file query_28.cif (mmCIF, C-alpha atoms)
data_structure
#
loop_
_atom_site.label_atom_id
_atom_site.label_comp_id
_atom_site.auth_asym_id
_atom_site.auth_seq_id
_atom_site.Cartn_x
_atom_site.Cartn_y
_atom_site.Cartn_z
CA GLU J 1 233.23 294.55 163.71
CA MET J 2 235.00 296.07 160.71
CA THR J 3 234.01 297.29 157.26
CA VAL J 4 235.32 295.21 154.34
CA ASP J 5 234.25 296.00 150.77
CA GLY J 6 231.40 298.05 152.18
CA TYR J 7 230.09 295.31 154.48
CA GLN J 8 230.27 295.04 158.25
CA LYS J 9 232.20 291.92 159.23
CA LYS J 10 233.66 290.36 162.32
CA GLY J 11 237.37 290.11 161.87
CA ILE J 12 241.01 290.46 162.86
CA LYS J 13 242.21 293.98 162.16
CA ASN J 14 245.13 294.95 159.96
CA TYR J 15 248.54 294.58 161.66
CA SER J 16 246.91 293.49 164.92
CA MET J 17 248.91 290.28 165.57
CA ILE J 18 252.33 291.24 164.18
CA GLY J 19 255.09 289.12 165.70
CA TYR J 20 252.67 287.12 167.84
CA SER J 21 254.33 284.05 169.36
CA GLY J 22 251.66 282.32 171.47
CA GLU J 23 248.94 279.84 170.63
CA VAL J 24 246.07 281.09 168.50
CA THR J 25 242.41 280.12 168.83
CA LEU J 26 240.20 281.98 166.40
CA SER J 27 236.47 282.29 167.00
CA ASN J 28 234.36 280.57 164.34
CA SER J 29 232.41 283.83 163.98
CA ILE J 30 235.41 285.57 162.37
CA GLU J 31 234.72 286.41 158.73
CA HIS J 32 237.82 288.37 157.71
CA ILE J 33 241.54 288.46 158.49
CA GLY J 34 243.12 291.85 157.79
CA GLU J 35 246.25 292.98 156.00
CA TYR J 36 249.54 291.89 157.60
CA ALA J 37 247.51 290.64 160.56
CA PHE J 38 250.00 287.89 161.48
CA TYR J 39 253.10 289.42 159.87
CA TYR J 40 256.27 287.80 161.26
CA SER J 41 254.21 285.72 163.69
CA THR J 42 255.90 282.55 164.98
CA ILE J 43 252.74 280.49 165.47
CA LYS J 44 253.10 276.88 164.33
CA GLU J 45 249.53 276.00 163.40
CA ILE J 46 246.19 277.67 162.88
CA THR J 47 242.56 276.55 162.57
CA MET J 48 240.62 278.62 160.10
CA PRO J 49 237.21 279.84 161.32
CA SER J 50 234.19 278.10 159.84
CA HIS J 51 232.61 281.44 158.83
CA LEU J 52 235.74 282.92 157.26
CA ASP J 53 235.19 284.38 153.79
CA SER J 54 238.27 286.51 153.08
CA ILE J 55 241.94 286.99 153.94
CA ALA J 56 243.55 290.32 153.03
CA LYS J 57 246.90 290.81 151.34
CA SER J 58 250.01 289.54 153.12
CA ALA J 59 248.05 288.54 156.21
CA PHE J 60 250.49 285.69 156.85
CA ASN J 61 253.61 287.17 155.27
CA ASN J 62 256.88 285.89 156.78
CA CYS J 63 255.20 283.30 159.01
CA ASP J 64 258.16 280.92 158.71
CA SER J 65 257.00 278.58 161.51
CA LEU J 66 253.38 278.11 160.40
CA LYS J 67 253.37 274.55 159.04
CA ILE J 68 249.82 273.28 159.71
CA MET J 69 246.53 274.83 158.67
CA LYS J 70 243.29 273.16 159.75
CA ILE J 71 239.99 273.67 157.94
CA SER J 72 236.44 272.69 158.90
CA SER J 73 235.55 271.42 155.42
CA ILE J 74 236.66 271.56 151.78
CA GLU J 75 233.35 273.20 150.85
CA GLN J 76 233.92 276.05 153.30
CA TRP J 77 237.57 276.64 152.40
CA LEU J 78 236.72 276.86 148.69
CA LYS J 79 234.57 279.91 149.49
CA VAL J 80 237.42 281.90 151.05
CA LYS J 81 238.90 284.70 148.93
CA LEU J 82 242.65 285.16 149.35
CA ALA J 83 244.03 288.50 148.18
CA ASN J 84 247.54 287.34 147.26
CA LEU J 85 250.04 284.52 147.72
CA SER J 86 251.09 285.78 151.16
CA SER J 87 247.47 285.67 152.29
CA HIS J 88 247.81 281.90 152.52
CA PRO J 89 248.97 280.74 155.97
CA LEU J 90 251.36 278.10 154.59
CA ASN J 91 253.00 280.01 151.76
CA ARG J 92 256.10 281.25 153.57
CA ALA J 93 256.93 278.08 155.53
CA ALA J 94 256.42 275.95 152.41
CA TYR J 95 259.63 277.37 150.94
CA LYS J 96 261.75 275.50 153.49
CA SER J 97 259.55 273.12 155.49
CA HIS J 98 256.95 270.38 155.20
CA THR J 99 253.57 272.09 155.37
CA SER J 100 250.09 270.58 155.28
CA ILE J 101 246.35 271.23 155.34
CA TYR J 102 244.39 269.17 157.87
CA GLY J 103 240.71 268.30 157.73
CA SER J 104 238.12 268.07 160.48
CA ASP J 105 239.45 264.63 161.45
CA ASP J 106 242.71 266.30 162.50
CA LYS J 107 244.67 264.45 159.81
CA PRO J 108 246.35 265.67 156.61
CA ILE J 109 244.08 265.66 153.57
CA THR J 110 245.87 263.28 151.19
CA ASN J 111 243.04 262.54 148.76
CA LEU J 112 241.18 265.72 147.90
CA VAL J 113 237.61 265.48 146.59
CA ILE J 114 236.28 268.68 145.04
CA PRO J 115 232.46 268.62 145.17
CA ARG J 116 230.90 268.22 141.72
CA TYR J 117 228.95 271.51 141.94
CA VAL J 118 232.09 273.66 142.44
CA GLU J 119 232.68 275.83 139.35
CA ALA J 120 236.02 277.39 140.29
CA ILE J 121 238.97 276.64 142.52
CA PRO J 122 240.04 280.02 143.94
CA ASN J 123 243.48 281.53 143.54
CA TYR J 124 246.06 280.28 146.08
CA CYS J 125 243.58 277.85 147.62
CA PHE J 126 245.81 274.83 148.35
CA VAL J 127 249.26 276.44 148.39
CA GLY J 128 251.90 274.41 150.22
CA HIS J 129 249.74 271.36 150.84
CA LYS J 130 252.62 268.92 150.62
CA ASP J 131 250.66 265.86 151.80
CA LEU J 132 248.21 266.08 148.89
CA GLN J 133 248.56 263.04 146.62
CA THR J 134 245.41 262.89 144.47
CA ILE J 135 242.59 265.18 143.37
CA SER J 136 239.11 264.03 142.34
CA PHE J 137 236.47 266.31 140.86
CA GLY J 138 233.08 264.93 141.86
CA TYR J 139 232.44 261.18 141.88
CA TYR J 140 233.31 261.00 138.20
CA ASN J 141 235.28 263.70 136.43
CA ASP J 142 232.62 263.89 133.71
CA ASP J 143 229.96 265.05 136.18
CA SER J 144 232.06 267.96 137.50
CA TYR J 145 230.82 271.52 136.97
CA LEU J 146 234.35 272.87 137.26
CA LYS J 147 235.22 275.63 134.79
CA ALA J 148 238.32 277.31 136.23
CA ILE J 149 241.41 276.47 138.27
CA GLY J 150 242.82 279.65 139.80
CA LYS J 151 246.38 280.89 139.77
CA ASN J 152 248.73 279.19 142.23
CA ALA J 153 245.79 276.98 143.23
CA PHE J 154 248.00 273.94 143.87
CA TYR J 155 251.37 275.70 144.12
CA ARG J 156 254.03 273.65 145.94
CA CYS J 157 251.84 270.56 146.34
CA THR J 158 254.99 268.49 146.07
CA SER J 159 253.44 265.03 146.63
CA LEU J 160 250.77 265.39 143.95
CA THR J 161 251.38 262.82 141.21
CA TYR J 162 248.25 262.75 139.02
CA VAL J 163 245.58 265.21 137.88
CA ASN J 164 242.59 264.54 135.62
CA ILE J 165 241.27 267.89 134.44
CA PRO J 166 237.49 267.78 133.80
CA SER J 167 236.24 268.41 130.27
CA GLY J 168 234.36 271.55 131.30
CA VAL J 169 237.45 273.45 132.45
CA THR J 170 238.12 276.44 130.18
CA GLU J 171 240.78 278.28 132.21
CA ILE J 172 243.85 277.29 134.21
CA GLY J 173 245.66 280.12 135.97
CA ASP J 174 249.29 281.16 136.27
CA TYR J 175 251.42 278.71 138.27
CA ALA J 176 248.30 276.64 139.01
CA PHE J 177 250.44 273.52 139.44
CA GLY J 178 253.77 275.30 139.87
CA ILE J 179 256.45 273.36 141.78
CA CYS J 180 254.29 270.23 141.95
CA SER J 181 257.58 268.41 141.67
CA SER J 182 256.08 264.88 141.73
CA LEU J 183 253.40 265.60 139.14
CA ARG J 184 254.03 263.12 136.34
CA THR J 185 250.60 262.66 134.75
CA VAL J 186 248.05 265.24 133.65
CA ARG J 187 244.98 264.18 131.67
CA ALA J 188 243.10 266.96 129.89
CA SER J 189 239.66 265.89 128.64
CA SER J 190 238.42 268.92 126.74
CA PRO J 191 238.70 268.77 122.93
CA VAL J 192 239.38 272.52 123.04
CA PRO J 193 242.55 273.49 124.94
CA PRO J 194 241.66 275.52 128.04
CA THR J 195 243.25 278.95 128.35
CA LEU J 196 246.53 278.24 130.12
CA GLY J 197 248.26 280.83 132.30
CA ASP J 198 251.98 281.46 132.56
CA ASN J 199 254.10 278.64 134.01
CA ALA J 200 251.07 276.56 134.91
CA PHE J 201 253.21 273.42 135.15
CA TRP J 202 256.46 275.11 136.16
CA GLU J 203 259.00 272.82 137.81
CA CYS J 204 256.79 269.74 137.73
CA SER J 205 258.45 266.35 137.34
CA GLU J 206 260.89 266.15 134.45
CA ASN J 207 258.92 263.04 133.44
CA LEU J 208 255.65 264.95 133.15
CA LYS J 209 253.27 263.71 130.44
CA ILE J 210 250.14 265.61 129.46
CA TYR J 211 247.55 263.33 127.84
CA VAL J 212 245.00 265.00 125.56
CA PRO J 213 242.30 263.78 123.15
CA ALA J 214 243.97 262.31 120.04
CA GLU J 215 241.95 264.50 117.70
CA SER J 216 243.16 267.61 119.57
CA LEU J 217 246.85 266.75 119.81
CA GLU J 218 248.07 269.46 117.44
CA ALA J 219 245.65 272.01 118.85
CA TYR J 220 247.15 271.55 122.32
CA LYS J 221 250.75 271.51 121.08
CA THR J 222 250.29 274.85 119.31
CA ALA J 223 247.92 276.62 121.73
CA PRO J 224 249.27 279.60 123.73
CA GLY J 225 250.72 278.37 127.00
CA TRP J 226 250.39 274.71 126.08
CA SER J 227 253.02 275.05 123.36
CA GLU J 228 255.61 275.54 126.12
CA TYR J 229 255.01 271.87 127.00
CA ALA J 230 254.69 270.55 123.42
CA ASP J 231 257.31 267.85 123.96
CA LYS J 232 255.35 266.53 126.94
CA ILE J 233 251.92 266.46 125.26
CA VAL J 234 250.81 263.07 123.92
CA ALA J 235 247.57 261.55 122.64
CA LYS J 236 245.45 259.50 125.03
#

call {"tool": "encode", "arguments": {"input": "query_28.cif", "output": "structure tokens"}}
result
Amino acid sequence: EMTVDGYQKKGIKNYSMIGYSGEVTLSNSIEHIGEYAFYYSTIKEITMPSHLDSIAKSAFNNCDSLKIMKISSIEQWLKVKLANLSSHPLNRAAYKSHTSIYGSDDKPITNLVIPRYVEAIPNYCFVGHKDLQTISFGYYNDDSYLKAIGKNAFYRCTSLTYVNIPSGVTEIGDYAFGICSSLRTVRASSPVPPTLGDNAFWECSENLKIYVPAESLEAYKTAPGWSEYADKIVAK
């Protein structure tokens, strides 16, 4: 066991797997992965423990070969706190390779359904998930409790084409949809423009259109952050 934020947790210690090149099987009882734990590791895939709740900074930094991450469920993965971009297993390999998140059926998650009761998508959550094509928030977007989309949440999801942002969302983080190079359609439902972080739609498709309520068109075009995309914002 180890102490993390004052709590005793079962985990992988800081720097403990640096340069590791074999196969990795992590016990489902693991709750924390430490700083630089897999630094420069050459593992090709990893299954995240079902009890995991945090990954420390740079835990997977320079893992160029790590192209597949498997999770037990969307609900569980949404509870994991990642300290920075290099905490995400796929971040490094996603620069040069096709990387993907697999579900419990051992297949890439192409159509992501965020449960309606989820209020925030954590920072860095789906980085490098290049097989992701669509995102749904609850059964109907209007019944979603979602309020915030974290920074880099969908960074480098290069197959994502369409996003319908629920009306309750009040905050979208920096680079939330950065380098979603196929993203052509964003529908924002709130009459009040959510707070938009820096470069939220950086390097999306050059044909990107952001559809907003007609009565809020000027509000979106002049709002901080949104004004950067004024020429792409149109009325529904």

call {"tool": "residues_near_point", "arguments": {"input": "query_28.cif", "point": "(250.4, 280.2, 132.3)", "cutoff": "10 Å", "atoms": "all atoms listed in the file", "output": "PyMOL selection string"}}
result
chain J and resi 151+171-178+195-202+224-226+228

call {"tool": "write_last_selection", "arguments": {"input": "query_28.cif", "atoms": "C-alpha atoms", "output": "PDB file, in the frame of the given file"}}
result
ATOM      1  CA  LYS J 151     246.380 280.890 139.770  1.00  0.00           C
ATOM      2  CA  GLU J 171     240.780 278.280 132.210  1.00  0.00           C
ATOM      3  CA  ILE J 172     243.850 277.290 134.210  1.00  0.00           C
ATOM      4  CA  GLY J 173     245.660 280.120 135.970  1.00  0.00           C
ATOM      5  CA  ASP J 174     249.290 281.160 136.270  1.00  0.00           C
ATOM      6  CA  TYR J 175     251.420 278.710 138.270  1.00  0.00           C
ATOM      7  CA  ALA J 176     248.300 276.640 139.010  1.00  0.00           C
ATOM      8  CA  PHE J 177     250.440 273.520 139.440  1.00  0.00           C
ATOM      9  CA  GLY J 178     253.770 275.300 139.870  1.00  0.00           C
ATOM     10  CA  THR J 195     243.250 278.950 128.350  1.00  0.00           C
ATOM     11  CA  LEU J 196     246.530 278.240 130.120  1.00  0.00           C
ATOM     12  CA  GLY J 197     248.260 280.830 132.300  1.00  0.00           C
ATOM     13  CA  ASP J 198     251.980 281.460 132.560  1.00  0.00           C
ATOM     14  CA  ASN J 199     254.100 278.640 134.010  1.00  0.00           C
ATOM     15  CA  ALA J 200     251.070 276.560 134.910  1.00  0.00           C
ATOM     16  CA  PHE J 201     253.210 273.420 135.150  1.00  0.00           C
ATOM     17  CA  TRP J 202     256.460 275.110 136.160  1.00  0.00           C
ATOM     18  CA  PRO J 224     249.270 279.600 123.730  1.00  0.00           C
ATOM     19  CA  GLY J 225     250.720 278.370 127.000  1.00  0.00           C
ATOM     20  CA  TRP J 226     250.390 274.710 126.080  1.00  0.00           C
ATOM     21  CA  GLU J 228     255.610 275.540 126.120  1.00  0.00           C
TER      22      GLU J 228
END

call {"tool": "resolve_selection", "arguments": {"input": "query_28.cif", "expression": "the PyMOL selection byres ((chain J and resi 186) around 12)", "output": "ChimeraX atom specification"}}
result
/J:134-135,160-166,177,180,182-185,187-189,200-201,204-205,207-212,229,232-236

call {"tool": "resolve_selection", "arguments": {"input": "query_28.cif", "expression": "the PyMOL selection byres ((chain J and resi 170) around 9)", "output": "ChimeraX atom specification"}}
result
/J:146-149,167-169,171-172,190,192-196

call {"tool": "axis_aligned_box", "arguments": {"input": "query_28.cif", "around": "stretch 143-155 of chain J", "padding_each_side": "3 Å", "output": "lines of an AutoDock Vina configuration file"}}
result
center_x = 240.7
center_y = 273.0
center_z = 139.5
size_x = 27.4
size_y = 21.8
size_z = 15.3

call {"tool": "atom_distance", "arguments": {"input": "query_28.cif", "atom1": "atom CA of J:Lys70", "atom2": "atom CA of J:Lys13"}}
result
21.0 Å

call {"tool": "residues_around", "arguments": {"input": "query_28.cif", "residues": "stretch 108-122 of chain J", "least_positions_apart": "4", "cutoff": "7 Å", "atoms": "all atoms listed in the file", "output": "VMD selection string"}}
result
chain J and resid 78 81 100 to 103 131 to 138 143 to 150 153

call {"tool": "closest_residue", "arguments": {"input": "query_28.cif", "among": "J:Ile46, J:Leu217, J:Val24, J:Ile33", "to": "J:Ser72", "atoms": "all atoms listed in the file"}}
result
J:Ile46

call {"tool": "atom_distance", "arguments": {"input": "query_28.cif", "atom1": "atom CA of J:Lys67", "atom2": "atom CA of J:Ser41"}}
result
12.1 Å

call {"tool": "closest_residue", "arguments": {"input": "query_28.cif", "among": "J:Ala59, J:Ala37, J:Leu90, J:Cys125", "to": "J:Ile74", "atoms": "only C-alpha atoms"}}
result
J:Cys125

call {"tool": "residues_around", "arguments": {"input": "query_28.cif", "residues": "J:Gly128", "least_positions_apart": "2", "cutoff": "6 Å", "atoms": "only C-alpha atoms", "output": "list in words"}}
result
Leu90, Asn91, Ala94, Thr99, Lys130, Arg156 and Cys157 of chain J
